[in-house]
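> After the structure tokens below, expect a handful of questions from me.
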Amino acid sequence: MLWLLVKVNLLQTWRRLLSVRQQSWLLTTVIAMFLAGYAALAFVLFYKGLKFAGSFPGLGHVLIERMMFLLFAFLFVLLLLSNMIVSYTSLFKNRETLFLLPLPVPIQTIFQWKFVESAILASWAFLFLVAPMVAAYGLTQQVPWHFYPATLLLILLAIVIPACGGAWCALLLARFLDRRSFQIGLLATAAMLIVVGAVWLKPVGVTDEELETRVLIVLDRLLGKTRFALFPFLPSYWVATGVQQWAEGALEDAAFYALVMASNALFFGTLALTLTGTAFYNAASVVQSRGSALGRWEWYQTWRKRRAVDARQHGPVDRLISVIPRLRPDKRALIVKDIRVFWRDTTQWGQTVVLFGLLAVYILNLRHFGAQLTSPFWSHVVSYLNLCACALNLATVTTRFVYPQFSLEGKRVWIVGMAPIGLPQVMITKFALTTVVSLCVTVGLMLLSGWMLKLEIEKLADLGLSAVVMTFTLNALAIGLGALYPNLKEDNPNRIVSGFGGTFCLVASFLYIVISIAILAASSPWGRGGRIDLSWVLGGRAVFLGLSCAVGLIPLRSGLRRLAKFEL
Amino acid sequence: MIELINLVKKFGALVAVNNVTLTVPRGEFFALLGPNAAGKTTTIKMIAGLMKPTSGSVRVSGYDVVQQPLEARRQLAYVPDFPFLYDKLTPWEFFRFIGQLFLMDSARIERVARDLCARFSLDPYLGNPIESLSHGTRQKVAIVSALLHEPSVFVLDEPMVGIDPQHARVLKDILKERSRAGTTVFISTHQLSVAEEMADRIGIMHEGRLIAVGTRDDLRRQSGTDGALEQTFLALTAQESAVDMQGVGQKFGL
């Protein structure tokens, strides 16, 4: 039975691959170039980084070793999270699962198939991310050829453990948490991680004398915060040690860690493949008939009753939006609808929280650099790198969330299409909403980072204004391309984004950011050792504004024209 | 045969299905009616095994859906209101896949599928990917795939949605034929004309309870109306709402 499910899904996948021939060659080329470009760039960066770290006499080896442990530890955490999200979607939000449940397929078999499918979907990116690093590590360490297949085997074994962990976490979430509890839990966890990250990553004070005389002790102290990656019960420790031992020719030790991984993978894999069916069925039944996990508490029941009574009253979002003066009721209704739909889909904003939460942790830690970046050059470089990181993050968010905004109206597009507001106005309202929300986040983060770096007010204003222009441009690009390449048949935003328009939007956004940052940094009034050439500065700013207008306005206007003639 | 025994389903504090007991014998065509949120789809999902009852049990052809799920599912076919299909497969590949899941041999799959495809005029589409088919054609593919293994219990949730009148007639004929041949047919519908024309017995659900079960004439007598099923349905659900309001009034001393 499992083989039958695998076979039919392989056939589907094969057909999807064949259909690549029918899709735009431009899209295929862009995706292929993007993947190859990423792999090549990652390889070069890892290779140069490892070479550089290895060049410190006596310390290089320790540094490289610790970096490998850390990298595998973080990749494992990401892999666990990715498995959890993909497993939850495949097991409980997937139409194939609902289709299979009433068929005479054993529940355990359905779980087996979904487990395998989720593990593959969640882990292929891990292999893709790790491959350039392993190749660079192998080259710098001048390893024999058998290092590469052995490492592949170790990593394949390592994938099973987070796959099991992710699937079980997904089952527990589905069984015990409803949407509201999950939202509260997610926000609490994100807040906690930001606080822990900000507290944990404090700078370590080192005197010049210590640096010269007691290098190893200082290094040990500096690396103290990363010692958690050396905890010997972590699967990431086993795989990192196995890889390093194999590279050093200690094959017996490497084999030992491979066997530790194999035994764990077999143990947890067997548990998942043979004993999880009933737990899956119970969780699936609960998801189908979800009452609130808080439903047993009296205060919650009272709150629900009050909400039922207040159902005809305006909610907090209505009240918030009604504060905006001179906003037409139809546009207000659209904005309230979009905010509610976004808020009620946890998977949508959950990813945004993760992306910007990580950026916030990074920016909060800049306060430690503020005192140390005495050189104006480095202060200058870091401030533009911040702008770049912020804009790249925003580009990911606009491509993932803003681009599919029009397509997500989907089969319901007739509702707004038939309303006496017109689709172009719908698009402009969406643009206004996403831009205002993005502005709050990006400008806020830019100001925070400037404050942390103790930048002068002029520099802060310059960076803030650049962030404002880039936010407008990236939102206009995403909304415009979303209207030019709509996919009204698809309800899943991930699939909408993975089409030609979404890929084009991401690539165009990234190129725009890289070019803009280069122009801004090169024409910065603070970047040439204090020598200000006004015409150079103004020229650079004018080019940046011109580029932004072209990248933002052309797709936005084309999208508006397309919607004006759109046939429902 | 379908047996619902003291079936209860609670969603938190809400009782979606409230102590429903019902037996639909072999070969009966049973239609379940009710206003929105009456508990029809929840009941159907429990029969299909998509959801576990909070208490009580469901038996399909004598097999308990929770205790003996595989045996029960071998007897059952279920078509939801918006069925899932593998978009990249062709209808014929999909039929073969479903037949294999029910352990049918190739010759039998081919024979039954050919006959059903001819009746639903699906032959021109058999080689096209399902993703290219219209909503109605996809619905017909789902129905053919469900009928393929000749189930002894056939459960359909709003089966006529999206199907043109010509093929709605074909579906009705097939359901009637199957029911005469011994298949238990259980449908949930808002189209009262379908229930009126096809059903041997009709059940009416209201706020999770099965408030009336019987033949067309039984329901007429119970409601005290004489005329179309619509009047009977409206009278029965209105009576029940009045009883509920009276209960609320008494509780608060009004």
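Here's how to read the names in the structure tokens: chain A, B, ... by the order shown, residue numbers from 1 in each chain, ligand numbers from 1 in the order shown.
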Please check the contacts: residues of chain A at most 9 Å away from chain B, using only C-alpha atoms, listed as a PyMOL selection string.
chain A and resi 1+4-5+8-9+11-13+15-16+95-96+98-99+101-107+281-282+284-296+301
> Distance table requested - segment 189-244 of chain B against segment 22-25 of chain B, cut-off 9 Å, only C-alpha atoms: one row per qualifying residue with the closest atom pair and its distance in Å to one decimal, ordered by chain and rising residue number, as CSV.

residue,atom,partner,partner_atom,distance
B:Arg201,CA,B:Val24,CA,8.8
B:Leu210,CA,B:Leu22,CA,8.6
B:Val213,CA,B:Leu22,CA,8.6
> Let me see the file: selected residues, N, CA, C and O atoms, as an mmCIF file, in the first residue's frame.

data_model
loop_
_atom_site.group_PDB
_atom_site.id
_atom_site.type_symbol
_atom_site.label_atom_id
_atom_site.label_comp_id
_atom_site.auth_asym_id
_atom_site.auth_seq_id
_atom_site.Cartn_x
_atom_site.Cartn_y
_atom_site.Cartn_z
ATOM 1 N N ARG B 201 -36.079 7.106 2.845
ATOM 2 C CA ARG B 201 -36.370 7.770 4.116
ATOM 3 C C ARG B 201 -35.553 9.061 4.183
ATOM 4 O O ARG B 201 -34.487 9.162 3.568
ATOM 5 N N LEU B 210 -31.262 14.736 15.739
ATOM 6 C CA LEU B 210 -32.058 14.203 14.633
ATOM 7 C C LEU B 210 -33.515 14.377 15.056
ATOM 8 O O LEU B 210 -34.026 13.607 15.877
ATOM 9 N N VAL B 213 -37.311 11.441 11.529
ATOM 10 C CA VAL B 213 -36.838 10.432 10.569
ATOM 11 C C VAL B 213 -38.051 9.685 10.055
ATOM 12 O O VAL B 213 -38.922 9.299 10.844
#
> Tell me which protein, DNA and RNA residues are within 12 Å of Leu71 of chain A, counting only C-alpha atoms, leaving out same-chain ones fewer than 3 positions away, and put them as an MDAnalysis selection string.
chainID A and resid 46 64:68 74:79 126 129:130 133:134 226 229:230 236:237 239:240
> Quick one: pick out all alpha helix (DSSP H) residues within segment 87-254 of chain B from a backbone DSSP run and write them as an MDAnalysis selection string.
chainID B and resid 91:101 106:119 135:147 165:180 192:198 216:223 229:251
> Using C-alpha atoms, can you export the residues from the last selection as a PDB file, in the first residue's frame?

ATOM      1  CA  PRO B  91      -8.693  10.375 -14.773  1.00  0.00           C
ATOM      2  CA  TRP B  92      -7.842   6.885 -16.004  1.00  0.00           C
ATOM      3  CA  GLU B  93      -4.631   6.747 -13.953  1.00  0.00           C
ATOM      4  CA  PHE B  94      -6.599   7.988 -10.963  1.00  0.00           C
ATOM      5  CA  PHE B  95      -9.234   5.243 -11.364  1.00  0.00           C
ATOM      6  CA  ARG B  96      -6.505   2.617 -11.573  1.00  0.00           C
ATOM      7  CA  PHE B  97      -4.875   3.988  -8.427  1.00  0.00           C
ATOM      8  CA  ILE B  98      -8.165   3.917  -6.498  1.00  0.00           C
ATOM      9  CA  GLY B  99      -8.962   0.425  -7.752  1.00  0.00           C
ATOM     10  CA  GLN B 100      -5.561  -0.808  -6.589  1.00  0.00           C
ATOM     11  CA  LEU B 101      -6.109   0.748  -3.160  1.00  0.00           C
ATOM     12  CA  SER B 106      -6.874  -4.658 -13.495  1.00  0.00           C
ATOM     13  CA  ALA B 107      -9.570  -6.379 -15.546  1.00  0.00           C
ATOM     14  CA  ARG B 108     -12.249  -5.496 -13.018  1.00  0.00           C
ATOM     15  CA  ILE B 109     -11.047  -1.896 -12.716  1.00  0.00           C
ATOM     16  CA  GLU B 110     -11.149  -1.557 -16.486  1.00  0.00           C
ATOM     17  CA  ARG B 111     -14.589  -3.132 -16.842  1.00  0.00           C
ATOM     18  CA  VAL B 112     -16.312  -1.072 -14.134  1.00  0.00           C
ATOM     19  CA  ALA B 113     -14.517   2.162 -15.031  1.00  0.00           C
ATOM     20  CA  ARG B 114     -15.360   1.842 -18.744  1.00  0.00           C
ATOM     21  CA  ASP B 115     -19.029   1.412 -17.990  1.00  0.00           C
ATOM     22  CA  LEU B 116     -19.163   4.341 -15.550  1.00  0.00           C
ATOM     23  CA  CYS B 117     -17.090   6.617 -17.810  1.00  0.00           C
ATOM     24  CA  ALA B 118     -19.436   5.968 -20.683  1.00  0.00           C
ATOM     25  CA  ARG B 119     -22.439   6.870 -18.557  1.00  0.00           C
ATOM     26  CA  HIS B 135     -15.255  21.633 -11.765  1.00  0.00           C
ATOM     27  CA  GLY B 136     -18.208  19.514 -12.907  1.00  0.00           C
ATOM     28  CA  THR B 137     -16.001  17.030 -14.758  1.00  0.00           C
ATOM     29  CA  ARG B 138     -13.738  16.693 -11.724  1.00  0.00           C
ATOM     30  CA  GLN B 139     -16.818  16.006  -9.607  1.00  0.00           C
ATOM     31  CA  LYS B 140     -17.824  13.253 -12.053  1.00  0.00           C
ATOM     32  CA  VAL B 141     -14.300  11.783 -11.857  1.00  0.00           C
ATOM     33  CA  ALA B 142     -14.578  11.740  -8.060  1.00  0.00           C
ATOM     34  CA  ILE B 143     -17.956   9.997  -8.192  1.00  0.00           C
ATOM     35  CA  VAL B 144     -16.746   7.375 -10.685  1.00  0.00           C
ATOM     36  CA  SER B 145     -13.672   6.665  -8.555  1.00  0.00           C
ATOM     37  CA  ALA B 146     -15.883   6.239  -5.494  1.00  0.00           C
ATOM     38  CA  LEU B 147     -18.266   3.847  -7.256  1.00  0.00           C
ATOM     39  CA  PRO B 165     -28.709  18.497 -15.298  1.00  0.00           C
ATOM     40  CA  GLN B 166     -28.037  15.711 -17.810  1.00  0.00           C
ATOM     41  CA  HIS B 167     -25.382  14.070 -15.639  1.00  0.00           C
ATOM     42  CA  ALA B 168     -27.245  14.847 -12.440  1.00  0.00           C
ATOM     43  CA  ARG B 169     -29.943  12.588 -13.916  1.00  0.00           C
ATOM     44  CA  VAL B 170     -27.329   9.924 -14.666  1.00  0.00           C
ATOM     45  CA  LEU B 171     -26.054  10.126 -11.100  1.00  0.00           C
ATOM     46  CA  LYS B 172     -29.559   9.830  -9.685  1.00  0.00           C
ATOM     47  CA  ASP B 173     -30.224   6.781 -11.864  1.00  0.00           C
ATOM     48  CA  ILE B 174     -26.984   5.126 -10.818  1.00  0.00           C
ATOM     49  CA  LEU B 175     -27.631   5.811  -7.137  1.00  0.00           C
ATOM     50  CA  LYS B 176     -31.124   4.354  -7.446  1.00  0.00           C
ATOM     51  CA  GLU B 177     -29.825   1.279  -9.310  1.00  0.00           C
ATOM     52  CA  ARG B 178     -27.130   0.713  -6.707  1.00  0.00           C
ATOM     53  CA  SER B 179     -29.601   1.157  -3.898  1.00  0.00           C
ATOM     54  CA  ARG B 180     -31.959  -1.405  -5.473  1.00  0.00           C
ATOM     55  CA  LEU B 192     -34.985  19.156  -1.208  1.00  0.00           C
ATOM     56  CA  SER B 193     -36.146  18.034  -4.653  1.00  0.00           C
ATOM     57  CA  VAL B 194     -33.380  15.409  -4.721  1.00  0.00           C
ATOM     58  CA  ALA B 195     -34.418  14.064  -1.337  1.00  0.00           C
ATOM     59  CA  GLU B 196     -38.078  14.142  -2.293  1.00  0.00           C
ATOM     60  CA  GLU B 197     -37.520  12.299  -5.554  1.00  0.00           C
ATOM     61  CA  MET B 198     -34.903   9.784  -4.504  1.00  0.00           C
ATOM     62  CA  ARG B 216     -42.066  11.401   3.057  1.00  0.00           C
ATOM     63  CA  ASP B 217     -45.564  10.613   4.438  1.00  0.00           C
ATOM     64  CA  ASP B 218     -44.274   9.994   7.981  1.00  0.00           C
ATOM     65  CA  LEU B 219     -42.689  13.446   8.000  1.00  0.00           C
ATOM     66  CA  ARG B 220     -45.814  15.052   6.600  1.00  0.00           C
ATOM     67  CA  ARG B 221     -47.866  13.494   9.388  1.00  0.00           C
ATOM     68  CA  GLN B 222     -45.341  14.505  12.034  1.00  0.00           C
ATOM     69  CA  SER B 223     -45.269  18.123  10.839  1.00  0.00           C
ATOM     70  CA  LEU B 229     -41.166  18.610   1.258  1.00  0.00           C
ATOM     71  CA  GLU B 230     -40.100  22.231   1.631  1.00  0.00           C
ATOM     72  CA  GLN B 231     -43.182  23.005   3.744  1.00  0.00           C
ATOM     73  CA  THR B 232     -42.640  19.902   5.864  1.00  0.00           C
ATOM     74  CA  PHE B 233     -38.978  20.788   6.402  1.00  0.00           C
ATOM     75  CA  LEU B 234     -39.726  24.400   7.320  1.00  0.00           C
ATOM     76  CA  ALA B 235     -42.531  23.395   9.675  1.00  0.00           C
ATOM     77  CA  LEU B 236     -40.431  20.793  11.499  1.00  0.00           C
ATOM     78  CA  THR B 237     -37.398  23.041  11.958  1.00  0.00           C
ATOM     79  CA  ALA B 238     -39.612  25.984  13.008  1.00  0.00           C
ATOM     80  CA  GLN B 239     -41.389  23.801  15.602  1.00  0.00           C
ATOM     81  CA  GLU B 240     -38.043  22.759  16.975  1.00  0.00           C
ATOM     82  CA  SER B 241     -36.794  26.346  17.160  1.00  0.00           C
ATOM     83  CA  ALA B 242     -39.991  27.324  19.010  1.00  0.00           C
ATOM     84  CA  VAL B 243     -39.460  24.489  21.512  1.00  0.00           C
ATOM     85  CA  ASP B 244     -35.865  25.659  22.022  1.00  0.00           C
ATOM     86  CA  MET B 245     -36.975  29.268  22.612  1.00  0.00           C
ATOM     87  CA  GLN B 246     -39.642  28.072  25.075  1.00  0.00           C
ATOM     88  CA  GLY B 247     -36.954  26.145  26.958  1.00  0.00           C
ATOM     89  CA  VAL B 248     -34.742  29.232  27.126  1.00  0.00           C
ATOM     90  CA  GLY B 249     -37.689  31.329  28.325  1.00  0.00           C
ATOM     91  CA  GLN B 250     -38.537  28.838  31.101  1.00  0.00           C
ATOM     92  CA  LYS B 251     -34.890  28.706  32.171  1.00  0.00           C
TER      93      LYS B 251
END
> State, in Å with one decimal place, the distance from atom CA of Tyr38 of chain A to atom CA of Cys388 of chain A.
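One can read the atom CA of Tyr38 of chain A to atom CA of Cys388 of chain A distance as 17.5 Å.
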> In Å, how far is it from atom CA of Val382 of chain A to atom CA of Ala521 of chain A?
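So the answer is 10.8 Å.
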> Tell me, which residues of segment 2-251 of chain B carry DSSP strand (DSSP E), written as a ChimeraX atom specification?
/B:2-11,14-24,29-33,55-60,63-64,76-79,153-157,184-188,201-206,209-214
> Filtering to C-alpha atoms, could you give me those residues as a JSON list (two decimals), in the first residue's frame?

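Once everything was written out, this is result30.json:
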[["chain", "number", "residue", "atom", "x", "y", "z"],
["B", 2, "ILE", "CA", -25.08, 2.14, 8.63],
["B", 3, "GLU", "CA", -25.68, 2.24, 12.38],
["B", 4, "LEU", "CA", -25.24, 5.38, 14.44],
["B", 5, "ILE", "CA", -25.50, 4.49, 18.12],
["B", 6, "ASN", "CA", -25.92, 7.34, 20.66],
["B", 7, "LEU", "CA", -23.51, 9.38, 18.58],
["B", 8, "VAL", "CA", -22.16, 12.53, 20.22],
["B", 9, "LYS", "CA", -19.58, 14.98, 18.92],
["B", 10, "LYS", "CA", -18.49, 17.99, 20.93],
["B", 11, "PHE", "CA", -16.28, 20.84, 19.71],
["B", 14, "LEU", "CA", -20.44, 23.20, 21.46],
["B", 15, "VAL", "CA", -22.37, 19.95, 20.97],
["B", 16, "ALA", "CA", -22.34, 19.53, 17.19],
["B", 17, "VAL", "CA", -23.98, 16.09, 17.15],
["B", 18, "ASN", "CA", -26.18, 15.32, 20.12],
["B", 19, "ASN", "CA", -26.99, 11.69, 20.89],
["B", 20, "VAL", "CA", -28.01, 10.62, 17.40],
["B", 21, "THR", "CA", -29.21, 7.06, 16.98],
["B", 22, "LEU", "CA", -30.13, 5.87, 13.52],
["B", 23, "THR", "CA", -30.05, 2.70, 11.46],
["B", 24, "VAL", "CA", -30.00, 2.85, 7.67],
["B", 29, "PHE", "CA", -31.51, 5.48, 0.04],
["B", 30, "PHE", "CA", -31.32, 7.87, 2.98],
["B", 31, "ALA", "CA", -31.22, 11.67, 2.67],
["B", 32, "LEU", "CA", -30.07, 13.85, 5.55],
["B", 33, "LEU", "CA", -31.45, 17.37, 5.56],
["B", 55, "SER", "CA", -19.04, 9.17, 22.58],
["B", 56, "GLY", "CA", -21.23, 6.56, 20.93],
["B", 57, "SER", "CA", -20.25, 4.62, 17.85],
["B", 58, "VAL", "CA", -20.68, 4.27, 14.11],
["B", 59, "ARG", "CA", -20.92, 0.88, 12.40],
["B", 60, "VAL", "CA", -20.64, 0.43, 8.66],
["B", 63, "TYR", "CA", -17.84, -2.92, 11.39],
["B", 64, "ASP", "CA", -17.11, -0.28, 14.00],
["B", 76, "LEU", "CA", -17.49, 2.40, 2.19],
["B", 77, "ALA", "CA", -17.17, 5.07, -0.48],
["B", 78, "TYR", "CA", -17.22, 8.74, 0.44],
["B", 79, "VAL", "CA", -17.43, 11.78, -1.82],
["B", 153, "VAL", "CA", -22.25, 1.86, 1.68],
["B", 154, "PHE", "CA", -22.04, 5.07, -0.35],
["B", 155, "VAL", "CA", -21.85, 8.39, 1.49],
["B", 156, "LEU", "CA", -22.07, 11.65, -0.45],
["B", 157, "ASP", "CA", -21.92, 15.22, 0.81],
["B", 184, "THR", "CA", -26.87, 1.72, 1.23],
["B", 185, "VAL", "CA", -26.84, 5.31, -0.05],
["B", 186, "PHE", "CA", -26.50, 8.13, 2.47],
["B", 187, "ILE", "CA", -26.53, 11.67, 1.14],
["B", 188, "SER", "CA", -26.54, 15.08, 2.74],
["B", 201, "ARG", "CA", -36.37, 7.77, 4.12],
["B", 202, "ILE", "CA", -35.41, 11.28, 5.10],
["B", 203, "GLY", "CA", -33.77, 12.49, 8.30],
["B", 204, "ILE", "CA", -33.87, 16.08, 9.47],
["B", 205, "MET", "CA", -31.14, 17.41, 11.75],
["B", 206, "HIS", "CA", -31.44, 20.57, 13.76],
["B", 209, "ARG", "CA", -30.21, 16.46, 17.01],
["B", 210, "LEU", "CA", -32.06, 14.20, 14.63],
["B", 211, "ILE", "CA", -35.50, 15.73, 15.06],
["B", 212, "ALA", "CA", -37.39, 13.65, 12.51],
["B", 213, "VAL", "CA", -36.84, 10.43, 10.57],
["B", 214, "GLY", "CA", -39.19, 8.67, 8.26]]
> Identify which of the residues A:Asp462, A:Val416, A:Trp246, A:Ser548 lies closest to Leu511 of chain A, counting only C-alpha atoms when measuring atom-to-atom distances.
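Comparing A:Asp462, A:Val416, A:Trp246, A:Ser548 against Leu511 of chain A, the winner is A:Ser548.
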> Skipping near chain neighbours, those fewer than 3 positions away, what residues fall within 12 Å of Val116 of chain A using only C-alpha atoms, listed as a list in words?
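Contacts, in chain order: Leu2, Trp3, Leu5, Val6, Asn9, Asn83, Val86, Ser87, Ser90, Leu91, Thr109, Ile110, Phe111, Gln112, Trp113, Ala119, Ile120, Leu121, Ala122, Ser123, Ile159, Val160, Ala163, Cys164, Gly166, Ala167, Gly269, Ala272 and Leu273 of chain A.
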> Using only C-alpha atoms, which protein or nucleic acid residues come within 10 Å of Tyr485 of chain A? Drop anything in the same chain fewer than 5 positions from it, and give the result as a ChimeraX atom specification.
/A:403-404,406-407,480,496,499-502,559,562
> Mind dumping the selected residues with C-alpha atoms as a CSV table (one decimal), in the first residue's frame?

chain,number,residue,atom,x,y,z
A,403,TYR,CA,3.3,39.7,-4.1
A,404,PRO,CA,0.5,37.1,-3.7
A,406,PHE,CA,-4.0,40.0,-5.5
A,407,SER,CA,-3.8,36.3,-6.4
A,480,GLY,CA,2.6,45.5,-9.4
A,496,ILE,CA,1.7,31.4,-6.0
A,499,GLY,CA,5.6,30.8,-10.2
A,500,PHE,CA,7.4,33.1,-12.8
A,501,GLY,CA,6.1,36.4,-11.3
A,502,GLY,CA,7.2,35.5,-7.8
A,559,GLY,CA,-0.4,46.4,-12.9
A,562,ARG,CA,-4.0,45.5,-16.4
> Using atom CA of Val543 of chain A and atom CA of Lys459 of chain A as the two end points, give the distance in Å to one decimal.
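If I compute the distance from atom CA of Val543 of chain A to atom CA of Lys459 of chain A, I get 18.9 Å.
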> Would you please work out which residue, of B:Met104, B:Ala37, B:Met1, B:Ile44, is nearest to His149 of chain B when using only C-alpha atoms?
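Between B:Met104, B:Ala37, B:Met1, B:Ile44, the residue approaching His149 of chain B most closely is B:Met104.
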> Which one of A:Val507, A:Ile321, A:Ala158, A:Ile421 sits closest to Met33 of chain A if you count only C-alpha atoms?
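Looking at the shortest contact to Met33 of chain A, the residue is A:Val507.
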